[in-house]
Every structure is written in structure tokens, then in C-alpha cells.
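Undergrad: File name upload.cif; file contents mmCIF, C-alpha atoms; full text below.
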data_work
#
loop_
_atom_site.label_atom_id
_atom_site.label_comp_id
_atom_site.auth_asym_id
_atom_site.auth_seq_id
_atom_site.Cartn_x
_atom_site.Cartn_y
_atom_site.Cartn_z
CA MET A 411 -17.14 39.17 6.33
CA LEU A 412 -20.51 40.40 5.11
CA SER A 413 -21.35 44.00 5.71
CA THR A 414 -23.79 44.78 8.47
CA ILE A 415 -27.25 44.94 7.01
CA SER A 416 -29.86 47.24 8.46
CA THR A 417 -33.33 46.62 7.11
CA ASP A 418 -33.97 50.35 6.94
CA THR A 419 -31.11 50.82 4.45
CA VAL A 420 -31.75 47.88 2.11
CA VAL A 421 -32.58 49.06 -1.40
CA ARG A 422 -35.82 47.39 -2.52
CA PHE A 423 -36.96 46.64 -6.04
CA PRO A 424 -40.43 45.95 -7.46
CA ARG A 425 -42.33 43.01 -6.04
CA ARG A 426 -43.12 40.03 -8.28
CA ASN A 427 -45.54 37.24 -7.47
CA GLY A 428 -45.97 38.54 -3.94
CA HIS A 429 -42.30 38.94 -3.06
CA THR A 430 -39.25 41.03 -3.85
CA PRO A 431 -36.86 38.73 -5.73
CA ILE A 432 -33.76 40.95 -5.50
CA CYS A 433 -32.65 43.69 -3.16
CA ALA A 434 -29.26 45.23 -2.46
CA THR A 435 -27.29 46.87 0.28
CA PRO A 436 -26.15 50.46 -0.21
CA GLN A 437 -22.59 49.12 -0.59
CA ALA A 438 -23.72 46.88 -3.46
CA THR A 439 -25.57 49.67 -5.26
CA ALA A 440 -22.51 51.92 -4.89
CA MET A 441 -20.27 49.20 -6.31
CA VAL A 442 -22.65 48.64 -9.25
CA LYS A 443 -22.39 52.35 -10.06
CA GLN A 444 -18.57 52.21 -9.88
CA ILE A 445 -18.39 49.18 -12.18
CA VAL A 446 -20.78 50.73 -14.71
CA SER A 447 -18.75 53.95 -14.64
CA LYS A 448 -15.57 52.01 -15.41
CA HIS A 449 -16.83 49.25 -17.73
CA GLY A 450 -20.05 50.55 -19.27
CA ARG A 451 -23.16 48.38 -19.49
CA VAL A 452 -23.01 45.22 -17.39
CA ALA A 453 -25.33 42.43 -16.25
CA ILE A 454 -25.31 40.25 -13.15
CA TYR A 455 -25.98 36.52 -13.32
CA GLN A 456 -26.62 34.41 -10.24
CA SER A 457 -24.31 31.44 -10.62
CA GLY A 458 -25.58 28.02 -9.68
CA GLY A 459 -22.28 26.44 -8.82
CA CYS A 460 -19.32 25.01 -10.66
CA CYS A 461 -16.31 27.26 -11.23
CA ASP A 462 -17.29 30.26 -9.11
CA GLY A 463 -19.48 28.42 -6.63
CA SER A 464 -22.69 30.33 -6.18
CA LEU A 465 -21.23 33.82 -6.41
CA PRO A 466 -23.02 36.27 -8.68
CA LEU A 467 -21.12 37.02 -11.88
CA CYS A 468 -20.92 40.60 -13.08
CA LEU A 469 -20.06 40.67 -16.78
CA GLY A 470 -20.10 43.09 -19.65
CA ALA A 471 -23.67 43.23 -20.96
CA ASP A 472 -22.68 41.67 -24.29
CA GLU A 473 -20.17 39.11 -22.97
CA LEU A 474 -22.56 36.29 -22.07
CA GLY A 475 -26.00 37.21 -23.29
CA GLN A 476 -29.21 35.84 -21.91
CA GLY A 477 -29.99 32.19 -22.39
CA PRO A 478 -33.47 30.95 -23.29
CA ASN A 479 -34.05 29.90 -19.66
CA ASP A 480 -32.74 33.03 -17.94
CA VAL A 481 -35.21 34.93 -15.79
CA LEU A 482 -34.83 38.64 -15.07
CA LEU A 483 -35.39 39.06 -11.31
CA GLY A 484 -35.02 42.83 -11.40
CA ASP A 485 -32.33 45.41 -11.78
CA ILE A 486 -29.92 47.21 -9.51
CA GLU A 487 -29.22 50.76 -10.59
CA GLY A 488 -30.27 49.81 -14.12
CA VAL A 489 -28.13 46.65 -14.18
CA PRO A 490 -30.20 43.52 -14.84
CA PHE A 491 -29.96 40.58 -12.41
CA TYR A 492 -30.62 37.18 -14.01
CA ILE A 493 -30.93 33.59 -12.84
CA ASP A 494 -31.68 30.34 -14.66
CA ALA A 495 -35.43 29.64 -14.36
CA GLU A 496 -35.02 25.98 -13.41
CA GLN A 497 -32.41 26.84 -10.80
CA TYR A 498 -34.63 29.56 -9.36
CA GLN A 499 -37.55 27.15 -9.05
CA ARG A 500 -35.34 24.36 -7.65
CA TRP A 501 -34.07 26.75 -4.96
CA GLY A 502 -37.68 27.59 -4.03
CA GLU A 503 -37.86 31.04 -5.68
CA PRO A 504 -35.81 32.73 -2.96
CA GLU A 505 -35.31 36.41 -2.37
CA PHE A 506 -31.72 37.47 -2.93
CA LEU A 507 -29.78 40.20 -1.20
CA LEU A 508 -26.83 41.48 -3.21
CA ASP A 509 -23.99 42.57 -0.95
CA VAL A 510 -20.25 43.24 -1.10
CA VAL A 511 -17.36 41.55 0.71
CA SER A 512 -13.67 42.32 0.74
CA GLY A 513 -11.27 40.56 -1.59
CA ALA A 514 -10.73 40.57 -5.32
CA PRO A 515 -13.44 38.96 -7.47
CA GLU A 516 -12.92 35.34 -8.43
CA GLY A 517 -13.03 33.98 -11.94
CA PHE A 518 -14.35 36.18 -14.72
CA SER A 519 -16.56 38.47 -12.66
CA LEU A 520 -16.01 42.21 -12.70
CA GLY A 521 -15.52 43.86 -9.35
CA LEU A 522 -13.18 46.22 -7.59
CA PRO A 523 -9.58 45.30 -6.81
CA ASP A 524 -10.50 44.88 -3.15
CA ALA A 525 -14.20 43.91 -3.24
CA HIS A 526 -16.63 41.56 -4.97
CA PHE A 527 -20.34 40.77 -4.96
CA VAL A 528 -22.01 38.03 -2.94
CA THR A 529 -25.64 37.06 -2.69
CA LEU A 530 -27.54 35.87 0.31
CA SER A 531 -30.65 33.83 -0.14
CA LEU A 532 -33.31 35.30 2.09
CA SER A 533 -36.52 33.69 3.19
CA GLY A 534 -39.96 35.10 3.59
CA GLN A 535 -40.16 38.86 3.57
CA ALA A 536 -36.53 39.59 4.39
CA CYS A 537 -36.12 42.05 1.52
CA GLN A 538 -39.04 44.15 2.70
CA LEU A 539 -38.31 47.16 4.83
CA ARG A 540 -39.65 46.85 8.32
CA ALA A 541 -41.64 49.66 9.86
CA ALA A 542 -39.51 51.53 12.37
#
Please express what this file holds, its structure, as C-alpha cells.

TA:
Amino acid sequence: MLSTISTDTVVRFPRRNGHTPICATPQATAMVKQIVSKHGRVAIYQSGGCCDGSLPLCLGADELGQGPNDVLLGDIEGVPFYIDAEQYQRWGEPEFLLDVVSGAPEGFSLGLPDAHFVTLSLSGQACQLRAA
């Protein structure tokens, strides 16, 4: 089950082209820090399907490398978050919220023994903090 998300605790990142392409829950930023502490430099890639469905993949920074069509949406605690440019456009340039759910990571993705990353595709200004 996804963690409860309060818009006043979502971690925002710089806006691009009028919207915030990636934001993260406090649980996700804490998990990023734990993974970096254990594994060193990492990068997150938004998967477009196939083996791991559409889960984000967290890999060692040098394990996959950026492809010629990868787009950097932003970073989370210094960890870059990439997506394929064509996929991003095909999906309508959504805003993503990086979160954490229970359960070991699937496939090759780094995670914690009892937690892994998920992304939610948000519409409109969902990644923006709302005035209280």
C-alpha cells in the first residue's frame, strides 16, 4: 500500500517548462539516502514496462549509463532521475511522485530488504505544495 501523502510534506524539485517533473515523499528521500550510504553513487531510471513493469529502477551510477534518448527530470538528494524522452512525451510529460512501498525490490533494482520505490504519475500541479 502506498504511504499516505500529505502535500505539505512532499519534497519539490526545480520546475521545468512550467511544471515540476519529479517530486518525492519524505520516505522516498530517506530511502535514497540509505541506498547511497550503502551502495555509493546511484541513478534512478523510470522504466517503461517489460521485465519490471513500470517500476523505477535504482541502479549503481555506472551500471547502466545514460542512453542518447534519456532525459534528466531532476534529482532526489543528488541522485539523478531519468526517463526515455520518447516515453516521457508519449505519456504526456507527466509529473512523477517517487514513493516507497513495502516488499523487496523486484528485478535488478536496488532497495531495502523490506521496501522498494514506486512512482505515481501525477497530473496538473500535483507536485506543487498547496498553501495551507

Undergrad: Output the residue selection produced by the PyMOL selection byres ((chain A and resi 519-523) around 8) on the file above, formatted as a ChimeraX atom specification.

TA: /A:441,445,466-469,513-518,524-527

Undergrad: Atom CA of Leu482 of chain A and atom CA of Ala495 of chain A, how far apart in Å?

TA: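 Calculated distance between atom CA of Ala495 of chain A and atom CA of Leu482 of chain A is 9.0 Å.
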
Undergrad: Starting from the shown file, work through the PyMOL selection byres ((chain A and resi 530) around 6) and note down what comes out as a PDB file with C-alpha atoms, in the frame of the given file.

TA:
ATOM      1  CA  PHE A 506     -31.720  37.470  -2.930  1.00  0.00           C
ATOM      2  CA  LEU A 507     -29.780  40.200  -1.200  1.00  0.00           C
ATOM      3  CA  THR A 529     -25.640  37.060  -2.690  1.00  0.00           C
ATOM      4  CA  SER A 531     -30.650  33.830  -0.140  1.00  0.00           C
TER       5      SER A 531
END

Undergrad: When the PyMOL selection byres ((chain A and resi 471) around 12) is applied to the file above, which residues end up in the set, as a list in words?

TA: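 This file, filtered by the PyMOL selection byres ((chain A and resi 471) around 12), leaves Ile445, Val446, His449, Gly450, Arg451, Val452, Ala453, Ile454, Tyr455, Leu467, Cys468, Leu469, Gly470, Asp472, Glu473, Leu474, Gly475, Gln476, Gly488, Val489, Pro490, Phe491, Tyr492, Ser519 and Leu520 of chain A.
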
Undergrad: Just the selected residues (C-alpha atoms), exported as a PDB file, in the coordinates of the input, please.

TA:
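What landed in part24.pdb:
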ATOM      1  CA  ILE A 445     -18.390  49.180 -12.180  1.00  0.00           C
ATOM      2  CA  VAL A 446     -20.780  50.730 -14.710  1.00  0.00           C
ATOM      3  CA  HIS A 449     -16.830  49.250 -17.730  1.00  0.00           C
ATOM      4  CA  GLY A 450     -20.050  50.550 -19.270  1.00  0.00           C
ATOM      5  CA  ARG A 451     -23.160  48.380 -19.490  1.00  0.00           C
ATOM      6  CA  VAL A 452     -23.010  45.220 -17.390  1.00  0.00           C
ATOM      7  CA  ALA A 453     -25.330  42.430 -16.250  1.00  0.00           C
ATOM      8  CA  ILE A 454     -25.310  40.250 -13.150  1.00  0.00           C
ATOM      9  CA  TYR A 455     -25.980  36.520 -13.320  1.00  0.00           C
ATOM     10  CA  LEU A 467     -21.120  37.020 -11.880  1.00  0.00           C
ATOM     11  CA  CYS A 468     -20.920  40.600 -13.080  1.00  0.00           C
ATOM     12  CA  LEU A 469     -20.060  40.670 -16.780  1.00  0.00           C
ATOM     13  CA  GLY A 470     -20.100  43.090 -19.650  1.00  0.00           C
ATOM     14  CA  ASP A 472     -22.680  41.670 -24.290  1.00  0.00           C
ATOM     15  CA  GLU A 473     -20.170  39.110 -22.970  1.00  0.00           C
ATOM     16  CA  LEU A 474     -22.560  36.290 -22.070  1.00  0.00           C
ATOM     17  CA  GLY A 475     -26.000  37.210 -23.290  1.00  0.00           C
ATOM     18  CA  GLN A 476     -29.210  35.840 -21.910  1.00  0.00           C
ATOM     19  CA  GLY A 488     -30.270  49.810 -14.120  1.00  0.00           C
ATOM     20  CA  VAL A 489     -28.130  46.650 -14.180  1.00  0.00           C
ATOM     21  CA  PRO A 490     -30.200  43.520 -14.840  1.00  0.00           C
ATOM     22  CA  PHE A 491     -29.960  40.580 -12.410  1.00  0.00           C
ATOM     23  CA  TYR A 492     -30.620  37.180 -14.010  1.00  0.00           C
ATOM     24  CA  SER A 519     -16.560  38.470 -12.660  1.00  0.00           C
ATOM     25  CA  LEU A 520     -16.010  42.210 -12.700  1.00  0.00           C
TER      26      LEU A 520
END

Undergrad: Which one of A:Lys443, A:Gln497, A:Ala434, A:Ile486 sits closest to Val528 of chain A if you count all atoms listed in the file?

TA: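 Between A:Lys443, A:Gln497, A:Ala434, A:Ile486, the residue approaching Val528 of chain A most closely is A:Ala434.
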
Undergrad: In terms of the shortest atom-to-atom distance over all atoms listed in the file, which of A:Glu503, A:Asp480, A:Ile493, A:Thr430 is closest to Gly458 of chain A?

TA: A:Ile493

Undergrad: In terms of the shortest atom-to-atom distance over only C-alpha atoms, which of A:Ile432, A:Leu532, A:Ser457, A:Val442 is closest to Glu487 of chain A?

TA: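 Checking each candidate against Glu487 of chain A, we get A:Val442 as the closest.
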
Undergrad: Measure the distance from atom CA of Gln499 of chain A to atom CA of Cys433 of chain A in Å and round it to one decimal.

TA: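 Atom CA of Cys433 of chain A lies at a distance of 18.2 Å from atom CA of Gln499 of chain A.
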
Undergrad: In Å to one decimal, how far is atom CA of Val481 of chain A from atom CA of Thr439 of chain A?

TA: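 Atom CA of Val481 of chain A lies at a distance of 20.5 Å from atom CA of Thr439 of chain A.
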
Undergrad: Around all of segment 428-441 of chain A's listed atoms, make the axis-aligned box with 6 Å on each side and tell me centre and edge lengths in Å to one decimal, as lines of an AutoDock Vina configuration file.

TA:
center_x = -33.1
center_y = 45.2
center_z = -3.0
size_x = 37.7
size_y = 25.4
size_z = 18.6

Undergrad: Using all atoms listed in the file, which residue out of A:Val510, A:Asn479, A:Gly484, A:Thr435 lies closest to Glu496 of chain A?

TA: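 Distance minimum relative to Glu496 of chain A lands on A:Asn479.
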